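Source file: run-v4.cif. Holds: mmCIF, C-alpha atoms.
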```
data_start
loop_
_atom_site.group_PDB
_atom_site.id
_atom_site.type_symbol
_atom_site.label_atom_id
_atom_site.label_comp_id
_atom_site.auth_asym_id
_atom_site.auth_seq_id
_atom_site.Cartn_x
_atom_site.Cartn_y
_atom_site.Cartn_z
ATOM 1 C CA MET A 19 76.494 118.434 135.831
ATOM 2 C CA GLN A 20 75.501 115.869 133.219
ATOM 3 C CA ILE A 21 77.783 115.087 130.293
ATOM 4 C CA ASP A 22 76.134 114.703 126.901
ATOM 5 C CA TRP A 23 77.929 111.424 126.101
ATOM 6 C CA LEU A 24 75.999 110.854 122.869
ATOM 7 C CA ASN A 25 77.204 114.105 121.300
ATOM 8 C CA PHE A 26 80.616 114.398 122.966
ATOM 9 C CA THR A 27 83.268 113.837 120.259
ATOM 10 C CA PRO A 28 86.668 114.126 121.984
ATOM 11 C CA TRP A 29 88.813 112.613 119.221
ATOM 12 C CA SER A 30 87.419 114.557 116.284
ATOM 13 C CA ALA A 31 87.487 117.669 118.490
ATOM 14 C CA LEU A 32 91.182 117.139 119.246
ATOM 15 C CA ALA A 33 91.979 116.376 115.595
ATOM 16 C CA GLY A 34 90.042 119.383 114.303
ATOM 17 C CA GLY A 35 91.580 121.533 117.026
ATOM 18 C CA ALA A 36 95.063 120.394 115.970
ATOM 19 C CA LEU A 37 94.321 121.501 112.394
ATOM 20 C CA ILE A 38 93.176 124.896 113.666
ATOM 21 C CA GLY A 39 96.341 125.237 115.767
ATOM 22 C CA ILE A 40 98.534 124.205 112.819
ATOM 23 C CA ALA A 41 96.788 126.799 110.634
ATOM 24 C CA ALA A 42 97.414 129.490 113.275
ATOM 25 C CA ALA A 43 101.097 128.464 113.485
ATOM 26 C CA LEU A 44 101.497 128.573 109.700
ATOM 27 C CA LEU A 45 99.800 131.968 109.289
ATOM 28 C CA ILE A 46 101.998 133.766 111.826
ATOM 29 C CA ASN A 47 105.132 132.142 110.380
ATOM 30 C CA PHE A 48 104.433 132.548 106.673
ATOM 31 C CA ASN A 49 102.307 135.695 106.543
ATOM 32 C CA GLY A 50 103.153 137.302 109.877
ATOM 33 C CA ARG A 51 99.478 137.493 110.783
ATOM 34 C CA VAL A 52 97.482 136.389 113.801
ATOM 35 C CA MET A 53 94.764 133.965 112.733
ATOM 36 C CA GLY A 54 91.714 135.683 114.150
ATOM 37 C CA ALA A 55 88.637 135.241 111.986
ATOM 38 C CA SER A 56 87.000 138.480 113.167
ATOM 39 C CA ASN A 57 90.141 140.548 112.625
ATOM 40 C CA ILE A 58 90.741 139.067 109.179
ATOM 41 C CA VAL A 59 87.211 140.032 108.073
ATOM 42 C CA GLY A 60 86.993 143.188 110.171
ATOM 43 C CA GLY A 61 90.257 144.548 108.781
ATOM 44 C CA LEU A 62 88.509 144.842 105.417
ATOM 45 C CA PHE A 63 86.285 147.551 106.907
ATOM 46 C CA ARG A 64 89.320 149.504 108.093
ATOM 47 C CA SER A 65 91.535 149.466 105.022
ATOM 48 C CA LEU A 66 91.555 147.649 101.706
ATOM 49 C CA SER A 67 95.336 147.950 101.373
ATOM 50 C CA ASP A 68 95.920 144.385 102.557
ATOM 51 C CA ALA A 69 92.675 142.927 101.228
ATOM 52 C CA PRO A 70 94.300 140.325 98.918
ATOM 53 C CA TRP A 71 95.711 138.080 101.648
ATOM 54 C CA ARG A 72 92.544 138.491 103.734
ATOM 55 C CA LEU A 73 90.303 137.475 100.835
ATOM 56 C CA SER A 74 92.620 134.590 99.890
ATOM 57 C CA PHE A 75 92.416 133.262 103.434
ATOM 58 C CA LEU A 76 88.627 133.684 103.570
ATOM 59 C CA ALA A 77 88.193 131.874 100.245
ATOM 60 C CA GLY A 78 90.235 129.000 101.664
ATOM 61 C CA LEU A 79 88.092 128.974 104.789
ATOM 62 C CA ILE A 80 84.852 128.656 102.807
ATOM 63 C CA ALA A 81 86.156 126.040 100.356
ATOM 64 C CA PRO A 82 85.915 123.007 102.690
ATOM 65 C CA ALA A 83 82.295 123.943 103.449
ATOM 66 C CA LEU A 84 81.470 123.903 99.732
ATOM 67 C CA ALA A 85 83.032 120.449 99.443
ATOM 68 C CA ALA A 86 81.355 119.223 102.630
ATOM 69 C CA ALA A 87 77.955 120.463 101.445
ATOM 70 C CA ALA A 88 78.446 118.666 98.120
ATOM 71 C CA PHE A 89 79.312 115.418 99.897
ATOM 72 C CA GLY A 90 76.381 115.480 102.288
ATOM 73 C CA ALA A 91 78.018 116.619 105.537
ATOM 74 C CA PRO A 92 75.520 117.629 108.235
ATOM 75 C CA ARG A 93 74.241 121.112 107.419
ATOM 76 C CA PRO A 94 74.470 123.756 110.122
ATOM 77 C CA VAL A 95 71.068 124.193 111.738
ATOM 78 C CA PHE A 96 70.456 127.647 113.151
ATOM 79 C CA PHE A 97 68.137 127.281 116.099
ATOM 80 C CA ALA A 98 67.495 130.979 116.485
ATOM 81 C CA GLY A 99 64.796 132.670 114.413
ATOM 82 C CA THR A 100 65.661 135.350 111.865
ATOM 83 C CA ALA A 101 65.198 138.293 114.252
ATOM 84 C CA THR A 102 67.363 136.664 116.930
ATOM 85 C CA LEU A 103 69.987 135.756 114.333
ATOM 86 C CA ILE A 104 70.193 139.364 113.171
ATOM 87 C CA VAL A 105 70.524 140.689 116.723
ATOM 88 C CA ALA A 106 73.078 137.990 117.575
ATOM 89 C CA GLY A 107 75.062 138.710 114.396
ATOM 90 C CA LEU A 108 75.157 142.444 115.120
ATOM 91 C CA LEU A 109 76.364 141.724 118.674
ATOM 92 C CA VAL A 110 79.060 139.383 117.351
ATOM 93 C CA GLY A 111 80.159 141.981 114.769
ATOM 94 C CA VAL A 112 80.262 144.939 117.159
ATOM 95 C CA GLY A 113 81.654 142.919 120.072
ATOM 96 C CA THR A 114 84.537 141.337 118.173
ATOM 97 C CA ARG A 115 85.662 144.710 116.745
ATOM 98 C CA MET A 116 85.313 146.494 120.073
ATOM 99 C CA GLY A 117 87.007 143.611 121.898
ATOM 100 C CA SER A 118 89.683 143.151 119.200
ATOM 101 C CA GLY A 119 89.058 139.457 118.609
ATOM 102 C CA CYS A 120 87.002 136.309 118.823
ATOM 103 C CA THR A 121 87.324 132.611 119.586
ATOM 104 C CA SER A 122 90.200 132.077 117.150
ATOM 105 C CA GLY A 123 92.113 135.336 117.687
ATOM 106 C CA HIS A 124 91.833 135.569 121.476
ATOM 107 C CA GLY A 125 90.862 131.991 122.344
ATOM 108 C CA VAL A 126 93.489 130.148 120.301
ATOM 109 C CA CYS A 127 96.208 132.581 119.180
ATOM 110 C CA GLY A 128 96.086 134.964 122.146
ATOM 111 C CA ILE A 129 96.052 132.300 124.832
ATOM 112 C CA SER A 130 98.812 130.328 123.112
ATOM 113 C CA ARG A 131 101.084 133.376 123.207
ATOM 114 C CA LEU A 132 100.043 134.011 126.839
ATOM 115 C CA SER A 133 98.512 137.433 126.183
ATOM 116 C CA ALA A 134 96.827 138.670 129.355
ATOM 117 C CA ARG A 135 94.328 140.666 127.266
ATOM 118 C CA SER A 136 93.321 137.570 125.310
ATOM 119 C CA ILE A 137 93.016 135.415 128.416
ATOM 120 C CA ALA A 138 90.774 138.068 130.008
ATOM 121 C CA ALA A 139 88.702 138.460 126.829
ATOM 122 C CA THR A 140 88.266 134.684 126.469
ATOM 123 C CA LEU A 141 87.087 134.347 130.061
ATOM 124 C CA VAL A 142 84.596 137.183 129.561
ATOM 125 C CA PHE A 143 83.117 135.950 126.271
ATOM 126 C CA MET A 144 82.886 132.387 127.606
ATOM 127 C CA LEU A 145 81.056 133.601 130.708
ATOM 128 C CA ALA A 146 78.756 135.805 128.617
ATOM 129 C CA GLY A 147 78.093 132.842 126.311
ATOM 130 C CA PHE A 148 77.282 130.544 129.240
ATOM 131 C CA ALA A 149 75.001 133.220 130.711
ATOM 132 C CA SER A 150 73.100 133.937 127.515
ATOM 133 C CA VAL A 151 72.545 130.232 126.753
ATOM 134 C CA PHE A 152 71.345 129.759 130.329
ATOM 135 C CA ALA A 153 68.936 132.673 129.895
ATOM 136 C CA VAL A 154 67.559 131.410 126.589
ATOM 137 C CA ARG A 155 67.383 127.696 127.373
ATOM 138 C CA HIS A 156 66.533 127.670 131.059
ATOM 139 C CA ALA A 157 65.696 130.946 132.786
ATOM 140 C CA PHE A 158 63.414 132.339 130.072
ATOM 141 C CA ALA A 159 62.729 129.139 128.131
ATOM 142 C CA GLY A 160 59.503 129.477 126.172
ATOM 143 C CA VAL A 161 59.226 133.258 126.610
ATOM 144 C CA ALA A 162 60.571 134.042 123.149
ATOM 145 C CA SER A 163 61.267 131.809 120.210
ATOM 146 C CA MET B 11 102.833 132.948 96.442
ATOM 147 C CA LYS B 12 101.872 134.384 99.798
ATOM 148 C CA TYR B 13 98.250 134.584 98.684
ATOM 149 C CA ALA B 14 98.286 130.915 97.673
ATOM 150 C CA VAL B 15 99.714 130.113 101.095
ATOM 151 C CA ALA B 16 97.030 132.230 102.816
ATOM 152 C CA PHE B 17 94.396 130.328 100.821
ATOM 153 C CA ALA B 18 95.912 126.976 101.838
ATOM 154 C CA ILE B 19 96.034 128.026 105.493
ATOM 155 C CA GLY B 20 92.385 129.102 105.324
ATOM 156 C CA LEU B 21 91.676 125.663 103.908
ATOM 157 C CA ILE B 22 93.353 124.003 106.906
ATOM 158 C CA PHE B 23 91.398 126.222 109.343
ATOM 159 C CA GLY B 24 88.123 125.403 107.577
ATOM 160 C CA THR B 25 88.934 121.688 107.579
ATOM 161 C CA GLY B 26 89.563 121.962 111.311
ATOM 162 C CA LEU B 27 86.126 123.508 111.822
ATOM 163 C CA LEU B 28 84.605 120.750 109.701
ATOM 164 C CA VAL B 29 86.402 117.838 111.419
ATOM 165 C CA SER B 30 85.738 119.196 114.907
ATOM 166 C CA GLY B 31 82.090 119.908 114.099
ATOM 167 C CA MET B 32 82.463 123.438 115.491
ATOM 168 C CA TYR B 33 80.676 124.911 112.456
ATOM 169 C CA LEU B 34 77.492 123.332 113.837
ATOM 170 C CA PRO B 35 75.610 125.650 116.226
ATOM 171 C CA ALA B 36 74.391 122.516 118.061
ATOM 172 C CA LYS B 37 77.977 121.594 119.053
ATOM 173 C CA VAL B 38 78.782 125.098 120.273
ATOM 174 C CA LEU B 39 75.510 125.521 122.162
ATOM 175 C CA GLY B 40 76.020 122.051 123.664
ATOM 176 C CA PHE B 41 79.254 123.382 125.157
ATOM 177 C CA LEU B 42 77.771 126.679 126.331
ATOM 178 C CA ASP B 43 74.799 124.958 127.991
ATOM 179 C CA LEU B 44 76.294 124.054 131.351
ATOM 180 C CA ALA B 45 72.889 123.538 132.955
ATOM 181 C CA GLY B 46 71.690 121.098 130.298
ATOM 182 C CA LYS B 47 73.481 118.015 129.033
ATOM 183 C CA TRP B 48 76.999 119.350 128.577
ATOM 184 C CA ASP B 49 79.110 118.587 125.495
ATOM 185 C CA PRO B 50 82.761 119.348 126.389
ATOM 186 C CA SER B 51 83.965 119.000 122.757
ATOM 187 C CA LEU B 52 84.764 122.715 122.292
ATOM 188 C CA ALA B 53 87.249 122.585 125.164
ATOM 189 C CA PHE B 54 88.990 119.665 123.402
ATOM 190 C CA VAL B 55 89.180 121.721 120.193
ATOM 191 C CA MET B 56 90.961 124.501 122.073
ATOM 192 C CA GLY B 57 93.153 121.952 123.846
ATOM 193 C CA GLY B 58 94.073 120.400 120.501
ATOM 194 C CA ALA B 59 94.872 123.774 118.942
ATOM 195 C CA LEU B 60 96.888 125.478 121.699
ATOM 196 C CA PRO B 61 100.117 123.381 121.624
ATOM 197 C CA PHE B 62 100.523 123.811 117.852
ATOM 198 C CA SER B 63 99.674 127.488 117.945
ATOM 199 C CA ALA B 64 102.042 128.056 120.884
ATOM 200 C CA ILE B 65 104.950 126.387 119.066
ATOM 201 C CA GLY B 66 104.130 128.488 116.004
ATOM 202 C CA PHE B 67 104.320 131.765 117.928
ATOM 203 C CA VAL B 68 107.579 130.761 119.640
ATOM 204 C CA LEU B 69 109.159 129.952 116.264
ATOM 205 C CA ALA B 70 107.873 133.173 114.699
ATOM 206 C CA HIS B 71 109.185 135.272 117.600
ATOM 207 C CA ARG B 72 112.567 133.591 117.352
ATOM 208 C CA ARG B 73 112.819 134.421 113.631
ATOM 209 C CA GLY B 74 111.506 137.952 114.224
ATOM 210 C CA LYS B 75 109.777 138.206 110.862
ATOM 211 C CA ALA B 76 107.596 136.135 108.582
ATOM 212 C CA VAL B 77 109.013 133.694 106.042
ATOM 213 C CA PHE B 78 107.908 135.963 103.184
ATOM 214 C CA GLY B 79 109.727 138.880 104.824
ATOM 215 C CA ASP B 80 106.685 140.647 106.248
ATOM 216 C CA PRO B 81 106.914 141.996 109.799
ATOM 217 C CA LEU B 82 105.027 140.085 112.471
ATOM 218 C CA HIS B 83 101.695 141.817 113.030
ATOM 219 C CA ILE B 84 101.289 140.940 116.684
ATOM 220 C CA PRO B 85 99.104 143.135 118.910
ATOM 221 C CA GLU B 86 101.233 145.345 121.141
ATOM 222 C CA ARG B 87 98.582 146.502 123.587
ATOM 223 C CA THR B 88 98.875 144.920 127.021
ATOM 224 C CA ARG B 89 96.350 146.880 129.100
ATOM 225 C CA ILE B 90 93.107 145.105 129.955
ATOM 226 C CA ASP B 91 90.779 148.061 129.398
ATOM 227 C CA PRO B 92 87.002 148.490 129.599
ATOM 228 C CA ARG B 93 86.714 148.470 125.794
ATOM 229 C CA LEU B 94 88.240 144.977 125.600
ATOM 230 C CA LEU B 95 86.010 143.568 128.341
ATOM 231 C CA ALA B 96 82.815 145.235 127.108
ATOM 232 C CA GLY B 97 83.494 144.056 123.561
ATOM 233 C CA ALA B 98 84.155 140.490 124.717
ATOM 234 C CA ALA B 99 80.931 140.515 126.766
ATOM 235 C CA ILE B 100 78.878 141.804 123.807
ATOM 236 C CA PHE B 101 80.439 139.177 121.543
ATOM 237 C CA GLY B 102 79.754 136.443 124.109
ATOM 238 C CA VAL B 103 76.065 137.294 124.294
ATOM 239 C CA GLY B 104 75.739 137.175 120.495
ATOM 240 C CA TRP B 105 77.697 133.916 120.434
ATOM 241 C CA GLY B 106 75.397 132.361 123.023
ATOM 242 C CA LEU B 107 72.243 133.533 121.230
ATOM 243 C CA SER B 108 73.344 132.032 117.911
ATOM 244 C CA GLY B 109 75.954 129.359 118.614
ATOM 245 C CA VAL B 110 78.065 130.911 115.862
ATOM 246 C CA CYS B 111 81.330 132.844 116.154
ATOM 247 C CA PRO B 112 83.052 134.621 113.230
ATOM 248 C CA GLY B 113 85.085 131.656 111.860
ATOM 249 C CA PRO B 114 82.058 129.371 111.476
ATOM 250 C CA ALA B 115 79.942 132.339 110.293
ATOM 251 C CA ILE B 116 82.286 132.641 107.289
ATOM 252 C CA PHE B 117 82.669 128.869 106.831
ATOM 253 C CA ASN B 118 78.896 128.331 106.809
ATOM 254 C CA LEU B 119 78.521 130.613 103.779
ATOM 255 C CA GLY B 120 79.714 127.551 101.850
ATOM 256 C CA PHE B 121 76.466 125.787 102.720
ATOM 257 C CA ALA B 122 74.618 128.631 100.977
ATOM 258 C CA SER B 123 71.614 128.619 103.291
ATOM 259 C CA GLY B 124 69.427 131.647 104.007
ATOM 260 C CA PRO B 125 70.185 131.803 107.745
ATOM 261 C CA ALA B 126 73.933 131.525 107.058
ATOM 262 C CA PHE B 127 73.762 134.585 104.771
ATOM 263 C CA VAL B 128 71.539 136.509 107.196
ATOM 264 C CA PHE B 129 73.872 135.841 110.107
ATOM 265 C CA PHE B 130 77.033 136.744 108.200
ATOM 266 C CA ALA B 131 75.434 139.926 106.834
ATOM 267 C CA ALA B 132 74.525 140.959 110.384
ATOM 268 C CA VAL B 133 78.074 140.269 111.611
ATOM 269 C CA ALA B 134 79.527 142.314 108.742
ATOM 270 C CA ALA B 135 77.071 145.152 109.411
ATOM 271 C CA GLY B 136 78.010 145.165 113.093
ATOM 272 C CA MET B 137 81.713 145.288 112.219
ATOM 273 C CA ALA B 138 81.229 148.081 109.682
ATOM 274 C CA ALA B 139 79.127 150.044 112.178
ATOM 275 C CA TYR B 140 81.755 149.748 114.892
ATOM 276 C CA GLU B 141 84.559 150.728 112.514
ATOM 277 C CA ALA B 142 82.564 153.786 111.419
ATOM 278 C CA TYR B 143 81.929 154.734 115.065
ATOM 279 C CA ASP B 144 85.619 154.229 115.823
ATOM 280 C CA ARG B 145 86.660 156.528 112.969
ATOM 281 C CA VAL B 146 84.282 159.276 114.055
ATOM 282 C CA THR B 147 85.313 159.177 117.712
ATOM 283 C CA ALA B 148 89.048 158.837 116.998
ATOM 284 C CA GLN B 149 89.219 162.071 114.950
ATOM 285 C CA PRO B 150 87.724 165.001 116.859
#
```

Full structure transcribed into structure tokens:
Amino acid sequence: MQIDWLNFTPWSALAGGALIGIAAALLINFNGRVMGASNIVGGLFRSLSDAPWRLSFLAGLIAPALAAAAFGAPRPVFFAGTATLIVAGLLVGVGTRMGSGCTSGHGVCGISRLSARSIAATLVFMLAGFASVFAVRHAFAGVAS
Amino acid sequence: MKYAVAFAIGLIFGTGLLVSGMYLPAKVLGFLDLAGKWDPSLAFVMGGALPFSAIGFVLAHRRGKAVFGDPLHIPERTRIDPRLLAGAAIFGVGWGLSGVCPGPAIFNLGFASGPAFVFFAAVAAGMAAYEAYDRVTAQP
């Protein structure tokens, strides 16, 4: 295995991770909610009774991106074409509802409270992510764009 | 008050995504590409988050309810069932194809680019479709 030393950013990753962990700690303590991005959005499709806190949180989540965009932060580049993005988005939407969580809900909150379901889910979505990137970048590289 | 706090907490989460660079598909795909040049940053993000999150859940459990008096909405299911594993696998494939999971999908709306809107719309459509399916199958 080769490490991508040029792009590896351990310190900013740890610092950003700490902020994410602090946010998760604050949300369960102040609002009594697990900080899972997919559940916070997905809950809106189940019931609008608790929409206000969900929308408040989501507005807060977008705000730093607005500021970052204004101050010239690197823009996210989507490598996948439109068709692939749509398929990938549908899979992410269906999968996170069916599997009750995503990287933040299972990967951060669930693992930190030692939930066996979240640990299992995180292992499975990591493995599926590794496999699909391997398929796209190596096994079938050049077949589809 | 609790909505202002939820907004502020969202702000901290978003800042974490920004500082860590995890809103960038390139960073995420660099982590998921074990066979290429591997960027371990995502593992450091999780490592940085877990201690704080763990302390937060211990404190919340000890208090038994939220500061604003709400009950703790913590999942009660413990069984690792096929639905959980199939859902996680489907999510993982979509994550690998795009390099974007739900947090960054929302965050990236702030950059107001076409692909960011397309991806988020697809995620929302997938969620709505699954919820609709769930409602139909839950009530015979």

* Between CA of Phe117 in chain B and CA of Phe17 in chain B, what is the spacing in Å? ->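 If I compute the distance from CA of Phe17 in chain B to CA of Phe117 in chain B, I get 13.3 Å.
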
How big is the axis-aligned box, and where does its centre sit, when it encloses all atoms of range 60-66 of chain B listed in the file and has 4 Å added on every side, reported in Å to one decimal as AutoDock Vina command-line options?
```
--center_x 100.9 --center_y 125.9 --center_z 118.9 --size_x 16.1 --size_y 13.1 --size_z 13.7
```

* Figure out the distance between CA of Ala53 in chain B and CA of Phe158 in chain A, please, to one decimal in Å. => 26.2 Å

Result set, the PyMOL selection byres ((chain A and resi 87) around 12) on current file, as an mmCIF file with C-alpha atoms, in the frame of the given file:
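Below is the file that was written, expr_28.cif:
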```cif
data_model
loop_
_atom_site.group_PDB
_atom_site.id
_atom_site.type_symbol
_atom_site.label_atom_id
_atom_site.label_comp_id
_atom_site.auth_asym_id
_atom_site.auth_seq_id
_atom_site.Cartn_x
_atom_site.Cartn_y
_atom_site.Cartn_z
ATOM 1 C CA ILE A 80 84.852 128.656 102.807
ATOM 2 C CA ALA A 81 86.156 126.040 100.356
ATOM 3 C CA PRO A 82 85.915 123.007 102.690
ATOM 4 C CA ALA A 83 82.295 123.943 103.449
ATOM 5 C CA LEU A 84 81.470 123.903 99.732
ATOM 6 C CA ALA A 85 83.032 120.449 99.443
ATOM 7 C CA ALA A 86 81.355 119.223 102.630
ATOM 8 C CA ALA A 88 78.446 118.666 98.120
ATOM 9 C CA PHE A 89 79.312 115.418 99.897
ATOM 10 C CA GLY A 90 76.381 115.480 102.288
ATOM 11 C CA ALA A 91 78.018 116.619 105.537
ATOM 12 C CA PRO A 92 75.520 117.629 108.235
ATOM 13 C CA ARG A 93 74.241 121.112 107.419
ATOM 14 C CA PRO A 94 74.470 123.756 110.122
ATOM 15 C CA LEU B 28 84.605 120.750 109.701
ATOM 16 C CA PHE B 117 82.669 128.869 106.831
ATOM 17 C CA ASN B 118 78.896 128.331 106.809
ATOM 18 C CA LEU B 119 78.521 130.613 103.779
ATOM 19 C CA GLY B 120 79.714 127.551 101.850
ATOM 20 C CA PHE B 121 76.466 125.787 102.720
ATOM 21 C CA ALA B 122 74.618 128.631 100.977
ATOM 22 C CA SER B 123 71.614 128.619 103.291
#
```

* Asked: How many Å lie between CA of Gly78 in chain A and CA of Gly26 in chain B, rounded to one decimal?
  -> 12.0 Å
